[in-house]
Amino acid sequence: MTVDDTGSGAGAERRVDPHAADPGEDNPLALRLEQLILGAERRYTPFQAARSAGVSMELASRFWRAMGFADIGQAKALTEADVLALRRLAGLVEAGLLSEAMAVQVARSTGQTTARLAEWQIDSFLEGLTEPPEPGMTRTEVTYPIVELLLPELEEFLVYVWRRQLAASAGRVVQAADDEEMVDRRLAVCFADLVGFTRLTRRMEEEELGELVEAFETTSADLVAARGGRLIKTLGDEVLYAADDAGTAADIALLLVETMSNDETMPELRVGMAFGTVTTRMGDVFGTTVNLASRLTSIAPRDAVLVDSAFAEELIRTGDAPASEAEAAEAAAAAEKEGEEPPKYRFALQPMWQRPVRGLGVVEPWLLSRRQEPGD
């Protein structure tokens, strides 16, 4: 619910979103559900809520817009929880813990993330659970008790996952070399893209297409998490993930290709990766490194992984890949001569033809593969 801040008096003109109508006006169950979920009854207009929180109407409107709430004009639709949320955000600013701009960012990132989660839970989870159990019963008759049972469990689980993710993210930040690295960090960035997805959308039924996308996103997310990467976002036919080191990102990329190629229901996959400085904002990543990874994906062969020269150099530096097969042979021969174990490399790199990439100039991609040691 966002409030137009062009005035606060009784005669002020308000812009009201028609989609933000009072759910209780025509549907008593909708109002009961709202009260159950929010844990309080409606008591305040937006102006009253802002005044009770000790926050200006302008700042309250900025917070509400950032959280993605629809415009309700000056309807009495807010609760004590809305007042407390305003007071907490404003308190963080007053205490100097957050700037006003940062507080708005906190509101926006939280709103965007939880909005997507709520939509998924209602569309997928609750919809299936609230199928009428007996003929003649309506879904509305079973929704309230189901929500009443699930709400505390889902709330506890949400907080648990958030704390776990926060701990992991905080751990990465404190290990950064300096303050600048906390925002602009050197990461491996990877795009994995289903080949021919646009053609599939014209051929497949909507339900079948939805199942394919869900399987792709679920499989990708599981593999990325299990191998130590971080899923940044999914875009239907494409996933974007990052990893702190090139070796982890390379392992995930090849595993994605191997897994998808073994699934006859999945289209072919192409993957592009780059290594370098990345700017992180609100859980997303930006910068030239990200753009390069995206461009490499568009030119990658089917069921193959292309990396940029910085990524290849990082694999060589860490000993995950030899600079060339000739160098690997020399190292093996030297080790054998000294009676030592030859170096083991996880990956192989094959230089490809240099080519111009739109907006990034001429790049030298490398084809990444798993390396088979002699005798394997």
# chains A, B, ... in the order shown; residues from 1 in each chain; ligands from 1

call {"tool": "select_by_dssp", "arguments": {"residues": "range 45-278 of chain A", "states": "strand (DSSP E)", "output": "PyMOL selection string"}}
result
chain A and resi 184-194+230-234+238-243+269-278

call {"tool": "residues_around", "arguments": {"residues": "Ala75 in chain A", "least_positions_apart": "2", "cutoff": "9 Å", "atoms": "only C-alpha atoms", "output": "list in words"}}
result
Asp22, Tyr44, Thr45, Pro46, Ile72, Gly73, Ala77 and Leu78 of chain A

call {"tool": "write_last_selection", "arguments": {"atoms": "N, CA, C and O atoms", "output": "PDB file, in the first residue's frame"}}
result
ATOM      1  N   ASP A  22     -10.627  -2.492  -0.487  1.00  0.00           N
ATOM      2  CA  ASP A  22     -10.769  -3.164   0.801  1.00  0.00           C
ATOM      3  C   ASP A  22     -11.264  -4.590   0.593  1.00  0.00           C
ATOM      4  O   ASP A  22     -12.360  -4.798   0.083  1.00  0.00           O
ATOM      5  N   TYR A  44      -5.620   2.327  11.441  1.00  0.00           N
ATOM      6  CA  TYR A  44      -5.085   3.623  11.052  1.00  0.00           C
ATOM      7  C   TYR A  44      -5.226   3.890   9.563  1.00  0.00           C
ATOM      8  O   TYR A  44      -5.136   2.977   8.735  1.00  0.00           O
ATOM      9  N   THR A  45      -5.387   5.180   9.234  1.00  0.00           N
ATOM     10  CA  THR A  45      -5.153   5.625   7.861  1.00  0.00           C
ATOM     11  C   THR A  45      -3.639   5.788   7.712  1.00  0.00           C
ATOM     12  O   THR A  45      -2.910   5.848   8.721  1.00  0.00           O
ATOM     13  N   PRO A  46      -3.124   5.877   6.480  1.00  0.00           N
ATOM     14  CA  PRO A  46      -1.686   6.095   6.333  1.00  0.00           C
ATOM     15  C   PRO A  46      -1.187   7.345   7.059  1.00  0.00           C
ATOM     16  O   PRO A  46      -0.123   7.331   7.673  1.00  0.00           O
ATOM     17  N   ILE A  72      -3.388   3.180  -1.230  1.00  0.00           N
ATOM     18  CA  ILE A  72      -4.732   3.050  -0.653  1.00  0.00           C
ATOM     19  C   ILE A  72      -5.329   4.399  -0.287  1.00  0.00           C
ATOM     20  O   ILE A  72      -6.329   4.470   0.430  1.00  0.00           O
ATOM     21  N   GLY A  73      -4.702   5.482  -0.762  1.00  0.00           N
ATOM     22  CA  GLY A  73      -5.224   6.787  -0.418  1.00  0.00           C
ATOM     23  C   GLY A  73      -5.182   7.008   1.077  1.00  0.00           C
ATOM     24  O   GLY A  73      -4.151   6.872   1.713  1.00  0.00           O
ATOM     25  N   ALA A  77      -6.704   1.203   6.852  1.00  0.00           N
ATOM     26  CA  ALA A  77      -6.351  -0.171   6.509  1.00  0.00           C
ATOM     27  C   ALA A  77      -5.059  -0.632   7.172  1.00  0.00           C
ATOM     28  O   ALA A  77      -4.592  -1.735   6.885  1.00  0.00           O
ATOM     29  N   LEU A  78      -4.470   0.198   8.048  1.00  0.00           N
ATOM     30  CA  LEU A  78      -3.173  -0.144   8.624  1.00  0.00           C
ATOM     31  C   LEU A  78      -3.312  -0.581  10.080  1.00  0.00           C
ATOM     32  O   LEU A  78      -4.296  -0.259  10.753  1.00  0.00           O
TER      33      LEU A  78
END

call {"tool": "residues_around", "arguments": {"residues": "range 227-239 of chain A", "least_positions_apart": "6", "cutoff": "9 Å", "atoms": "only C-alpha atoms", "output": "PDB file with N, CA and C atoms, in the first residue's frame"}}
result
ATOM      1  N   CYS A 190      28.673 -16.673 -13.797  1.00  0.00           N
ATOM      2  CA  CYS A 190      28.298 -17.659 -14.816  1.00  0.00           C
ATOM      3  C   CYS A 190      26.832 -17.524 -15.217  1.00  0.00           C
ATOM      4  N   PHE A 191      26.583 -17.545 -16.525  1.00  0.00           N
ATOM      5  CA  PHE A 191      25.237 -17.669 -17.070  1.00  0.00           C
ATOM      6  C   PHE A 191      25.113 -19.048 -17.717  1.00  0.00           C
ATOM      7  N   ALA A 192      24.008 -19.735 -17.443  1.00  0.00           N
ATOM      8  CA  ALA A 192      23.700 -21.011 -18.102  1.00  0.00           C
ATOM      9  C   ALA A 192      22.351 -20.853 -18.783  1.00  0.00           C
ATOM     10  N   ASP A 193      22.305 -21.138 -20.089  1.00  0.00           N
ATOM     11  CA  ASP A 193      21.144 -20.801 -20.908  1.00  0.00           C
ATOM     12  C   ASP A 193      20.656 -22.022 -21.681  1.00  0.00           C
ATOM     13  N   LEU A 194      19.344 -22.269 -21.621  1.00  0.00           N
ATOM     14  CA  LEU A 194      18.761 -23.350 -22.411  1.00  0.00           C
ATOM     15  C   LEU A 194      18.724 -22.959 -23.885  1.00  0.00           C
ATOM     16  N   VAL A 195      19.183 -23.838 -24.755  1.00  0.00           N
ATOM     17  CA  VAL A 195      19.235 -23.554 -26.188  1.00  0.00           C
ATOM     18  C   VAL A 195      17.845 -23.748 -26.812  1.00  0.00           C
ATOM     19  N   PHE A 197      15.029 -22.082 -26.478  1.00  0.00           N
ATOM     20  CA  PHE A 197      13.870 -21.996 -25.589  1.00  0.00           C
ATOM     21  C   PHE A 197      12.700 -21.268 -26.262  1.00  0.00           C
ATOM     22  N   THR A 198      12.994 -20.245 -27.061  1.00  0.00           N
ATOM     23  CA  THR A 198      11.919 -19.499 -27.725  1.00  0.00           C
ATOM     24  C   THR A 198      11.113 -20.410 -28.641  1.00  0.00           C
ATOM     25  N   GLY A 210       5.918 -24.975 -18.282  1.00  0.00           N
ATOM     26  CA  GLY A 210       6.135 -24.589 -16.890  1.00  0.00           C
ATOM     27  C   GLY A 210       6.874 -25.657 -16.117  1.00  0.00           C
ATOM     28  N   VAL A 213      10.612 -25.546 -17.136  1.00  0.00           N
ATOM     29  CA  VAL A 213      11.313 -24.413 -16.516  1.00  0.00           C
ATOM     30  C   VAL A 213      11.554 -24.683 -15.037  1.00  0.00           C
ATOM     31  N   GLU A 214      10.536 -25.209 -14.353  1.00  0.00           N
ATOM     32  CA  GLU A 214      10.675 -25.492 -12.925  1.00  0.00           C
ATOM     33  C   GLU A 214      11.755 -26.549 -12.678  1.00  0.00           C
ATOM     34  N   PHE A 216      14.340 -27.190 -14.617  1.00  0.00           N
ATOM     35  CA  PHE A 216      15.637 -26.575 -14.915  1.00  0.00           C
ATOM     36  C   PHE A 216      16.097 -25.692 -13.754  1.00  0.00           C
ATOM     37  N   GLU A 217      15.200 -24.835 -13.263  1.00  0.00           N
ATOM     38  CA  GLU A 217      15.559 -23.928 -12.178  1.00  0.00           C
ATOM     39  C   GLU A 217      15.877 -24.695 -10.892  1.00  0.00           C
ATOM     40  N   SER A 220      19.223 -26.626 -11.286  1.00  0.00           N
ATOM     41  CA  SER A 220      20.340 -25.678 -11.279  1.00  0.00           C
ATOM     42  C   SER A 220      20.589 -25.134  -9.885  1.00  0.00           C
ATOM     43  N   ALA A 221      19.520 -24.745  -9.210  1.00  0.00           N
ATOM     44  CA  ALA A 221      19.664 -24.177  -7.863  1.00  0.00           C
ATOM     45  C   ALA A 221      20.287 -25.188  -6.904  1.00  0.00           C
ATOM     46  N   THR A 248      35.531 -23.493  -8.285  1.00  0.00           N
ATOM     47  CA  THR A 248      34.174 -23.862  -7.874  1.00  0.00           C
ATOM     48  C   THR A 248      33.188 -23.579  -8.999  1.00  0.00           C
ATOM     49  N   ALA A 249      33.294 -22.385  -9.603  1.00  0.00           N
ATOM     50  CA  ALA A 249      32.390 -22.018 -10.692  1.00  0.00           C
ATOM     51  C   ALA A 249      32.532 -22.966 -11.881  1.00  0.00           C
ATOM     52  N   ASP A 251      33.566 -26.136 -11.861  1.00  0.00           N
ATOM     53  CA  ASP A 251      33.007 -27.442 -11.503  1.00  0.00           C
ATOM     54  C   ASP A 251      31.482 -27.432 -11.633  1.00  0.00           C
ATOM     55  N   ILE A 252      30.842 -26.353 -11.150  1.00  0.00           N
ATOM     56  CA  ILE A 252      29.385 -26.252 -11.235  1.00  0.00           C
ATOM     57  C   ILE A 252      28.936 -26.188 -12.684  1.00  0.00           C
ATOM     58  N   GLY A 283      21.601  -8.010  -3.715  1.00  0.00           N
ATOM     59  CA  GLY A 283      21.606  -9.418  -4.076  1.00  0.00           C
ATOM     60  C   GLY A 283      21.899  -9.691  -5.534  1.00  0.00           C
ATOM     61  N   ASP A 284      22.014  -8.642  -6.357  1.00  0.00           N
ATOM     62  CA  ASP A 284      22.299  -8.824  -7.781  1.00  0.00           C
ATOM     63  C   ASP A 284      23.751  -8.440  -8.046  1.00  0.00           C
ATOM     64  N   VAL A 285      24.242  -8.744  -9.237  1.00  0.00           N
ATOM     65  CA  VAL A 285      25.618  -8.424  -9.614  1.00  0.00           C
ATOM     66  C   VAL A 285      25.618  -7.624 -10.910  1.00  0.00           C
TER      67      VAL A 285
END

call {"tool": "residues_around", "arguments": {"residues": "Arg358 in chain A", "least_positions_apart": "4", "cutoff": "12 Å", "atoms": "only C-alpha atoms", "output": "list in words"}}
result
Asn291, Leu292, Ser294, Arg295, Leu296, Ser298, Ile299, Val362 and Val363 of chain A

call {"tool": "write_last_selection", "arguments": {"atoms": "all heavy atoms", "output": "compact mmCIF listing (two decimals), in the first residue's frame"}}
result
# COMPACT_ATOMS: atom_id res chain seq x y z
N ASN A 291 28.62 -8.62 -17.83
CA ASN A 291 28.26 -8.45 -19.24
C ASN A 291 29.05 -9.40 -20.13
O ASN A 291 28.51 -9.97 -21.08
CB ASN A 291 28.51 -7.01 -19.68
CG ASN A 291 27.62 -6.01 -18.96
OD1 ASN A 291 26.56 -6.37 -18.46
ND2 ASN A 291 28.05 -4.76 -18.89
N LEU A 292 30.33 -9.59 -19.80
CA LEU A 292 31.17 -10.48 -20.60
C LEU A 292 30.69 -11.92 -20.48
O LEU A 292 30.64 -12.66 -21.47
CB LEU A 292 32.63 -10.35 -20.16
CG LEU A 292 33.65 -11.24 -20.90
CD1 LEU A 292 33.56 -11.05 -22.40
CD2 LEU A 292 35.06 -10.93 -20.40
N SER A 294 27.70 -12.91 -19.94
CA SER A 294 26.47 -13.01 -20.73
C SER A 294 26.77 -13.12 -22.22
O SER A 294 26.16 -13.94 -22.93
CB SER A 294 25.60 -11.77 -20.45
OG SER A 294 24.42 -11.81 -21.23
N ARG A 295 27.71 -12.32 -22.70
CA ARG A 295 28.06 -12.36 -24.13
C ARG A 295 28.69 -13.72 -24.50
O ARG A 295 28.42 -14.26 -25.58
CB ARG A 295 29.04 -11.24 -24.47
CG ARG A 295 28.51 -9.85 -24.25
CD ARG A 295 27.47 -9.45 -25.28
NE ARG A 295 27.12 -8.05 -25.14
CZ ARG A 295 26.18 -7.56 -24.36
NH1 ARG A 295 25.47 -8.40 -23.62
NH2 ARG A 295 25.94 -6.27 -24.31
N LEU A 296 29.53 -14.25 -23.62
CA LEU A 296 30.15 -15.55 -23.90
C LEU A 296 29.09 -16.65 -23.97
O LEU A 296 29.21 -17.59 -24.77
CB LEU A 296 31.18 -15.89 -22.83
CG LEU A 296 32.47 -15.07 -22.86
CD1 LEU A 296 33.33 -15.37 -21.64
CD2 LEU A 296 33.26 -15.35 -24.14
N SER A 298 26.12 -16.35 -25.16
CA SER A 298 25.42 -16.26 -26.46
C SER A 298 26.23 -16.87 -27.61
O SER A 298 25.66 -17.24 -28.63
CB SER A 298 25.09 -14.81 -26.77
OG SER A 298 26.27 -14.03 -26.96
N ILE A 299 27.57 -16.98 -27.45
CA ILE A 299 28.39 -17.55 -28.53
C ILE A 299 28.93 -18.94 -28.20
O ILE A 299 29.65 -19.54 -28.99
CB ILE A 299 29.56 -16.61 -28.90
CG1 ILE A 299 30.51 -16.43 -27.70
CG2 ILE A 299 29.04 -15.26 -29.38
CD1 ILE A 299 31.76 -15.63 -28.03
N VAL A 362 37.39 -6.95 -28.61
CA VAL A 362 37.84 -8.29 -29.00
C VAL A 362 38.15 -9.11 -27.75
O VAL A 362 38.88 -8.65 -26.86
CB VAL A 362 39.08 -8.22 -29.91
CG1 VAL A 362 39.57 -9.62 -30.25
CG2 VAL A 362 38.76 -7.44 -31.18
N VAL A 363 37.60 -10.30 -27.67
CA VAL A 363 37.86 -11.18 -26.52
C VAL A 363 38.42 -12.50 -27.03
O VAL A 363 38.20 -12.89 -28.17
CB VAL A 363 36.59 -11.44 -25.69
CG1 VAL A 363 36.02 -10.14 -25.14
CG2 VAL A 363 35.54 -12.17 -26.51

call {"tool": "residues_around", "arguments": {"residues": "Ser369 in chain A", "least_positions_apart": "4", "cutoff": "7 Å", "atoms": "only C-alpha atoms", "output": "list of chain:residue names"}}
result
A:Phe347, A:Ala348, A:Leu349

call {"tool": "residues_around", "arguments": {"residues": "range 50-56 of chain A", "least_positions_apart": "2", "cutoff": "8 Å", "atoms": "only C-alpha atoms", "output": "list in words"}}
result
Pro46, Phe47, Gln48, Glu58, Leu59, Ala60, Val83, Leu84, Leu86, Arg87 and Ala90 of chain A

call {"tool": "write_last_selection", "arguments": {"atoms": "all heavy atoms", "output": "mmCIF file, in the first residue's frame"}}
result
data_model
loop_
_atom_site.group_PDB
_atom_site.id
_atom_site.type_symbol
_atom_site.label_atom_id
_atom_site.label_comp_id
_atom_site.auth_asym_id
_atom_site.auth_seq_id
_atom_site.Cartn_x
_atom_site.Cartn_y
_atom_site.Cartn_z
ATOM 1 N N PRO A 46 -3.124 5.877 6.480
ATOM 2 C CA PRO A 46 -1.686 6.095 6.333
ATOM 3 C C PRO A 46 -1.187 7.345 7.059
ATOM 4 O O PRO A 46 -0.123 7.331 7.673
ATOM 5 C CB PRO A 46 -1.514 6.212 4.818
ATOM 6 C CG PRO A 46 -2.598 5.339 4.269
ATOM 7 C CD PRO A 46 -3.754 5.566 5.183
ATOM 8 N N PHE A 47 -1.957 8.419 7.013
ATOM 9 C CA PHE A 47 -1.536 9.639 7.709
ATOM 10 C C PHE A 47 -1.485 9.413 9.213
ATOM 11 O O PHE A 47 -0.541 9.836 9.896
ATOM 12 C CB PHE A 47 -2.504 10.787 7.380
ATOM 13 C CG PHE A 47 -2.160 12.070 8.070
ATOM 14 C CD1 PHE A 47 -1.041 12.805 7.696
ATOM 15 C CD2 PHE A 47 -2.942 12.545 9.115
ATOM 16 C CE1 PHE A 47 -0.710 13.984 8.344
ATOM 17 C CE2 PHE A 47 -2.617 13.726 9.766
ATOM 18 C CZ PHE A 47 -1.496 14.450 9.380
ATOM 19 N N GLN A 48 -2.465 8.728 9.758
ATOM 20 C CA GLN A 48 -2.479 8.449 11.190
ATOM 21 C C GLN A 48 -1.317 7.533 11.588
ATOM 22 O O GLN A 48 -0.703 7.710 12.647
ATOM 23 C CB GLN A 48 -3.811 7.797 11.581
ATOM 24 C CG GLN A 48 -5.008 8.736 11.508
ATOM 25 C CD GLN A 48 -6.332 7.995 11.656
ATOM 26 O OE1 GLN A 48 -6.409 6.780 11.419
ATOM 27 N NE2 GLN A 48 -7.376 8.722 12.042
ATOM 28 N N GLU A 58 5.959 12.174 4.016
ATOM 29 C CA GLU A 58 6.815 11.986 2.839
ATOM 30 C C GLU A 58 7.718 10.764 3.009
ATOM 31 O O GLU A 58 7.841 9.929 2.101
ATOM 32 C CB GLU A 58 7.665 13.234 2.608
ATOM 33 C CG GLU A 58 8.592 13.119 1.403
ATOM 34 C CD GLU A 58 9.475 14.343 1.243
ATOM 35 O OE1 GLU A 58 9.376 15.272 2.070
ATOM 36 O OE2 GLU A 58 10.284 14.350 0.294
ATOM 37 N N LEU A 59 8.348 10.642 4.189
ATOM 38 C CA LEU A 59 9.237 9.497 4.411
ATOM 39 C C LEU A 59 8.443 8.195 4.499
ATOM 40 O O LEU A 59 8.872 7.161 3.970
ATOM 41 C CB LEU A 59 10.040 9.704 5.701
ATOM 42 C CG LEU A 59 11.056 8.602 6.035
ATOM 43 C CD1 LEU A 59 12.061 8.426 4.901
ATOM 44 C CD2 LEU A 59 11.774 8.914 7.350
ATOM 45 N N ALA A 60 7.287 8.240 5.160
ATOM 46 C CA ALA A 60 6.451 7.038 5.228
ATOM 47 C C ALA A 60 6.068 6.571 3.836
ATOM 48 O O ALA A 60 6.103 5.367 3.534
ATOM 49 C CB ALA A 60 5.195 7.319 6.050
ATOM 50 N N VAL A 83 2.696 0.638 11.989
ATOM 51 C CA VAL A 83 3.271 1.740 12.760
ATOM 52 C C VAL A 83 4.641 1.344 13.306
ATOM 53 O O VAL A 83 5.612 2.111 13.215
ATOM 54 C CB VAL A 83 2.323 2.124 13.917
ATOM 55 C CG1 VAL A 83 2.983 3.152 14.840
ATOM 56 C CG2 VAL A 83 1.004 2.673 13.367
ATOM 57 N N LEU A 84 4.748 0.140 13.855
ATOM 58 C CA LEU A 84 6.012 -0.320 14.426
ATOM 59 C C LEU A 84 7.100 -0.430 13.355
ATOM 60 O O LEU A 84 8.259 -0.076 13.593
ATOM 61 C CB LEU A 84 5.804 -1.679 15.102
ATOM 62 C CG LEU A 84 7.030 -2.292 15.788
ATOM 63 C CD1 LEU A 84 7.572 -1.346 16.863
ATOM 64 C CD2 LEU A 84 6.683 -3.646 16.390
ATOM 65 N N LEU A 86 7.362 1.343 10.573
ATOM 66 C CA LEU A 86 7.803 2.705 10.263
ATOM 67 C C LEU A 86 8.731 3.226 11.358
ATOM 68 O O LEU A 86 9.770 3.830 11.086
ATOM 69 C CB LEU A 86 6.603 3.632 10.143
ATOM 70 C CG LEU A 86 5.778 3.589 8.848
ATOM 71 C CD1 LEU A 86 4.627 4.575 8.941
ATOM 72 C CD2 LEU A 86 6.647 3.913 7.643
ATOM 73 N N ARG A 87 8.345 3.000 12.614
ATOM 74 C CA ARG A 87 9.130 3.496 13.737
ATOM 75 C C ARG A 87 10.519 2.867 13.752
ATOM 76 O O ARG A 87 11.522 3.532 14.042
ATOM 77 C CB ARG A 87 8.375 3.181 15.035
ATOM 78 C CG ARG A 87 8.887 3.912 16.260
ATOM 79 C CD ARG A 87 7.994 3.621 17.453
ATOM 80 N NE ARG A 87 6.652 4.190 17.292
ATOM 81 C CZ ARG A 87 5.547 3.663 17.791
ATOM 82 N NH1 ARG A 87 5.607 2.521 18.460
ATOM 83 N NH2 ARG A 87 4.386 4.257 17.617
ATOM 84 N N ALA A 90 12.642 4.333 10.756
ATOM 85 C CA ALA A 90 13.018 5.706 11.076
ATOM 86 C C ALA A 90 14.017 5.740 12.226
ATOM 87 O O ALA A 90 14.945 6.572 12.242
ATOM 88 C CB ALA A 90 11.770 6.518 11.427
#

call {"tool": "closest_residue", "arguments": {"among": "A:Ala95, A:Ala188, A:Ala30, A:Ala328", "to": "Phe275 in chain A", "atoms": "only C-alpha atoms"}}
result
A:Ala188

call {"tool": "closest_residue", "arguments": {"among": "A:Lys76, A:Glu330, A:Arg32, A:Leu117", "to": "Pro145 in chain A", "atoms": "only C-alpha atoms"}}
result
A:Arg32

call {"tool": "closest_residue", "arguments": {"among": "A:Thr114, A:Thr280, A:Gln350, A:Ser261", "to": "Glu364 in chain A", "atoms": "only C-alpha atoms"}}
result
A:Gln350

call {"tool": "select_by_dssp", "arguments": {"residues": "range 26-72 of chain A", "states": "helix (DSSP H, G or I)", "output": "number ranges by chain"}}
result
A: 26, 28-38, 46-53, 57-66

call {"tool": "write_last_selection", "arguments": {"atoms": "N, CA, C and O atoms", "output": "tab-separated table (two decimals), in the first residue's frame"}}
result
chain	number	residue	atom	x	y	z
A	26	ASP	N	-16.33	-6.84	0.04
A	26	ASP	CA	-17.12	-7.83	-0.68
A	26	ASP	C	-16.86	-9.25	-0.22
A	26	ASP	O	-17.60	-10.16	-0.54
A	28	PRO	N	-15.85	-11.20	3.24
A	28	PRO	CA	-15.49	-11.24	4.66
A	28	PRO	C	-14.33	-12.19	4.95
A	28	PRO	O	-13.53	-11.93	5.86
A	29	LEU	N	-14.22	-13.30	4.19
A	29	LEU	CA	-13.13	-14.24	4.44
A	29	LEU	C	-11.78	-13.59	4.15
A	29	LEU	O	-10.81	-13.83	4.87
A	30	ALA	N	-11.73	-12.76	3.11
A	30	ALA	CA	-10.47	-12.09	2.78
A	30	ALA	C	-10.02	-11.21	3.94
A	30	ALA	O	-8.84	-11.16	4.29
A	31	LEU	N	-10.96	-10.50	4.57
A	31	LEU	CA	-10.61	-9.66	5.71
A	31	LEU	C	-10.19	-10.51	6.90
A	31	LEU	O	-9.24	-10.17	7.62
A	32	ARG	N	-10.87	-11.63	7.14
A	32	ARG	CA	-10.49	-12.53	8.23
A	32	ARG	C	-9.09	-13.09	8.01
A	32	ARG	O	-8.28	-13.19	8.95
A	33	LEU	N	-8.79	-13.45	6.77
A	33	LEU	CA	-7.46	-13.96	6.46
A	33	LEU	C	-6.40	-12.89	6.70
A	33	LEU	O	-5.32	-13.17	7.22
A	34	GLU	N	-6.70	-11.68	6.29
A	34	GLU	CA	-5.75	-10.59	6.49
A	34	GLU	C	-5.46	-10.40	7.97
A	34	GLU	O	-4.31	-10.26	8.39
A	35	GLN	N	-6.52	-10.40	8.78
A	35	GLN	CA	-6.34	-10.22	10.22
A	35	GLN	C	-5.56	-11.38	10.83
A	35	GLN	O	-4.74	-11.20	11.73
A	36	LEU	N	-5.81	-12.59	10.34
A	36	LEU	CA	-5.07	-13.75	10.83
A	36	LEU	C	-3.59	-13.62	10.51
A	36	LEU	O	-2.72	-13.86	11.37
A	37	ILE	N	-3.28	-13.26	9.27
A	37	ILE	CA	-1.88	-13.19	8.83
A	37	ILE	C	-1.15	-12.02	9.47
A	37	ILE	O	0.00	-12.16	9.92
A	38	LEU	N	-1.81	-10.86	9.53
A	38	LEU	CA	-1.16	-9.68	10.10
A	38	LEU	C	-1.19	-9.68	11.62
A	38	LEU	O	-0.39	-8.98	12.26
A	46	PRO	N	-3.12	5.88	6.48
A	46	PRO	CA	-1.69	6.09	6.33
A	46	PRO	C	-1.19	7.35	7.06
A	46	PRO	O	-0.12	7.33	7.67
A	47	PHE	N	-1.96	8.42	7.01
A	47	PHE	CA	-1.54	9.64	7.71
A	47	PHE	C	-1.48	9.41	9.21
A	47	PHE	O	-0.54	9.84	9.90
A	48	GLN	N	-2.46	8.73	9.76
A	48	GLN	CA	-2.48	8.45	11.19
A	48	GLN	C	-1.32	7.53	11.59
A	48	GLN	O	-0.70	7.71	12.65
A	49	ALA	N	-1.02	6.55	10.73
A	49	ALA	CA	0.08	5.63	11.01
A	49	ALA	C	1.42	6.37	11.04
A	49	ALA	O	2.26	6.15	11.92
A	50	ALA	N	1.62	7.26	10.05
A	50	ALA	CA	2.86	8.03	10.00
A	50	ALA	C	2.98	8.92	11.24
A	50	ALA	O	4.06	9.01	11.85
A	51	ARG	N	1.89	9.57	11.62
A	51	ARG	CA	1.92	10.45	12.79
A	51	ARG	C	2.19	9.65	14.06
A	51	ARG	O	2.98	10.07	14.93
A	52	SER	N	1.56	8.48	14.20
A	52	SER	CA	1.78	7.66	15.39
A	52	SER	C	3.22	7.16	15.47
A	52	SER	O	3.76	6.96	16.56
A	53	ALA	N	3.83	6.93	14.32
A	53	ALA	CA	5.22	6.45	14.29
A	53	ALA	C	6.22	7.59	14.45
A	53	ALA	O	7.42	7.33	14.60
A	57	MET	N	5.00	12.25	6.58
A	57	MET	CA	4.21	11.55	5.57
A	57	MET	C	5.06	11.26	4.33
A	57	MET	O	4.91	10.21	3.69
A	58	GLU	N	5.96	12.17	4.02
A	58	GLU	CA	6.82	11.99	2.84
A	58	GLU	C	7.72	10.76	3.01
A	58	GLU	O	7.84	9.93	2.10
A	59	LEU	N	8.35	10.64	4.19
A	59	LEU	CA	9.24	9.50	4.41
A	59	LEU	C	8.44	8.19	4.50
A	59	LEU	O	8.87	7.16	3.97
A	60	ALA	N	7.29	8.24	5.16
A	60	ALA	CA	6.45	7.04	5.23
A	60	ALA	C	6.07	6.57	3.84
A	60	ALA	O	6.10	5.37	3.53
A	61	SER	N	5.71	7.52	2.97
A	61	SER	CA	5.34	7.17	1.60
A	61	SER	C	6.51	6.54	0.86
A	61	SER	O	6.33	5.58	0.10
A	62	ARG	N	7.74	7.05	1.08
A	62	ARG	CA	8.92	6.48	0.44
A	62	ARG	C	9.13	5.04	0.89
A	62	ARG	O	9.44	4.16	0.08
A	63	PHE	N	8.98	4.80	2.20
A	63	PHE	CA	9.16	3.44	2.72
A	63	PHE	C	8.10	2.50	2.13
A	63	PHE	O	8.41	1.39	1.70
A	64	TRP	N	6.85	2.94	2.11
A	64	TRP	CA	5.78	2.08	1.62
A	64	TRP	C	5.94	1.77	0.13
A	64	TRP	O	5.73	0.66	-0.32
A	65	ARG	N	6.33	2.79	-0.63
A	65	ARG	CA	6.56	2.56	-2.06
A	65	ARG	C	7.70	1.57	-2.25
A	65	ARG	O	7.64	0.69	-3.11
A	66	ALA	N	8.77	1.75	-1.48
A	66	ALA	CA	9.92	0.86	-1.59
A	66	ALA	C	9.54	-0.58	-1.27
A	66	ALA	O	10.03	-1.53	-1.90

call {"tool": "closest_residue", "arguments": {"among": "A:Thr143, A:Thr110, A:Thr138, A:Thr219", "to": "Ile122 in chain A", "atoms": "only C-alpha atoms"}}
result
A:Thr143

call {"tool": "residues_around", "arguments": {"residues": "Val106 in chain A", "least_positions_apart": "3", "cutoff": "9 Å", "atoms": "only C-alpha atoms", "output": "short mmCIF file (atom, residue, chain, number, x, y, z; two decimals) with N, CA and C atoms, in the first residue's frame"}}
result
data_model
loop_
_atom_site.label_atom_id
_atom_site.label_comp_id
_atom_site.auth_asym_id
_atom_site.auth_seq_id
_atom_site.Cartn_x
_atom_site.Cartn_y
_atom_site.Cartn_z
N ALA A 66 8.77 1.75 -1.48
CA ALA A 66 9.92 0.86 -1.59
C ALA A 66 9.54 -0.58 -1.27
N MET A 67 8.65 -0.77 -0.31
CA MET A 67 8.22 -2.12 0.05
C MET A 67 7.26 -2.72 -0.97
N LEU A 89 12.26 1.56 11.12
CA LEU A 89 13.08 2.07 10.02
C LEU A 89 13.55 3.48 10.31
N ALA A 101 18.69 6.91 2.60
CA ALA A 101 18.72 6.19 1.33
C ALA A 101 18.91 4.69 1.55
N MET A 102 19.77 4.33 2.51
CA MET A 102 20.00 2.92 2.79
C MET A 102 18.77 2.27 3.40
N ALA A 103 18.06 2.99 4.27
CA ALA A 103 16.84 2.45 4.86
C ALA A 103 15.80 2.16 3.78
N SER A 109 14.58 -3.97 -0.95
CA SER A 109 15.10 -5.32 -1.15
C SER A 109 14.25 -6.35 -0.40
N THR A 110 13.82 -5.99 0.81
CA THR A 110 12.97 -6.89 1.58
C THR A 110 11.62 -7.07 0.91
N GLY A 111 11.04 -5.97 0.45
CA GLY A 111 9.74 -6.04 -0.20
C GLY A 111 9.77 -6.87 -1.47
N MET A 282 21.89 -5.21 -3.70
CA MET A 282 20.60 -5.82 -3.40
C MET A 282 20.51 -7.26 -3.90
#
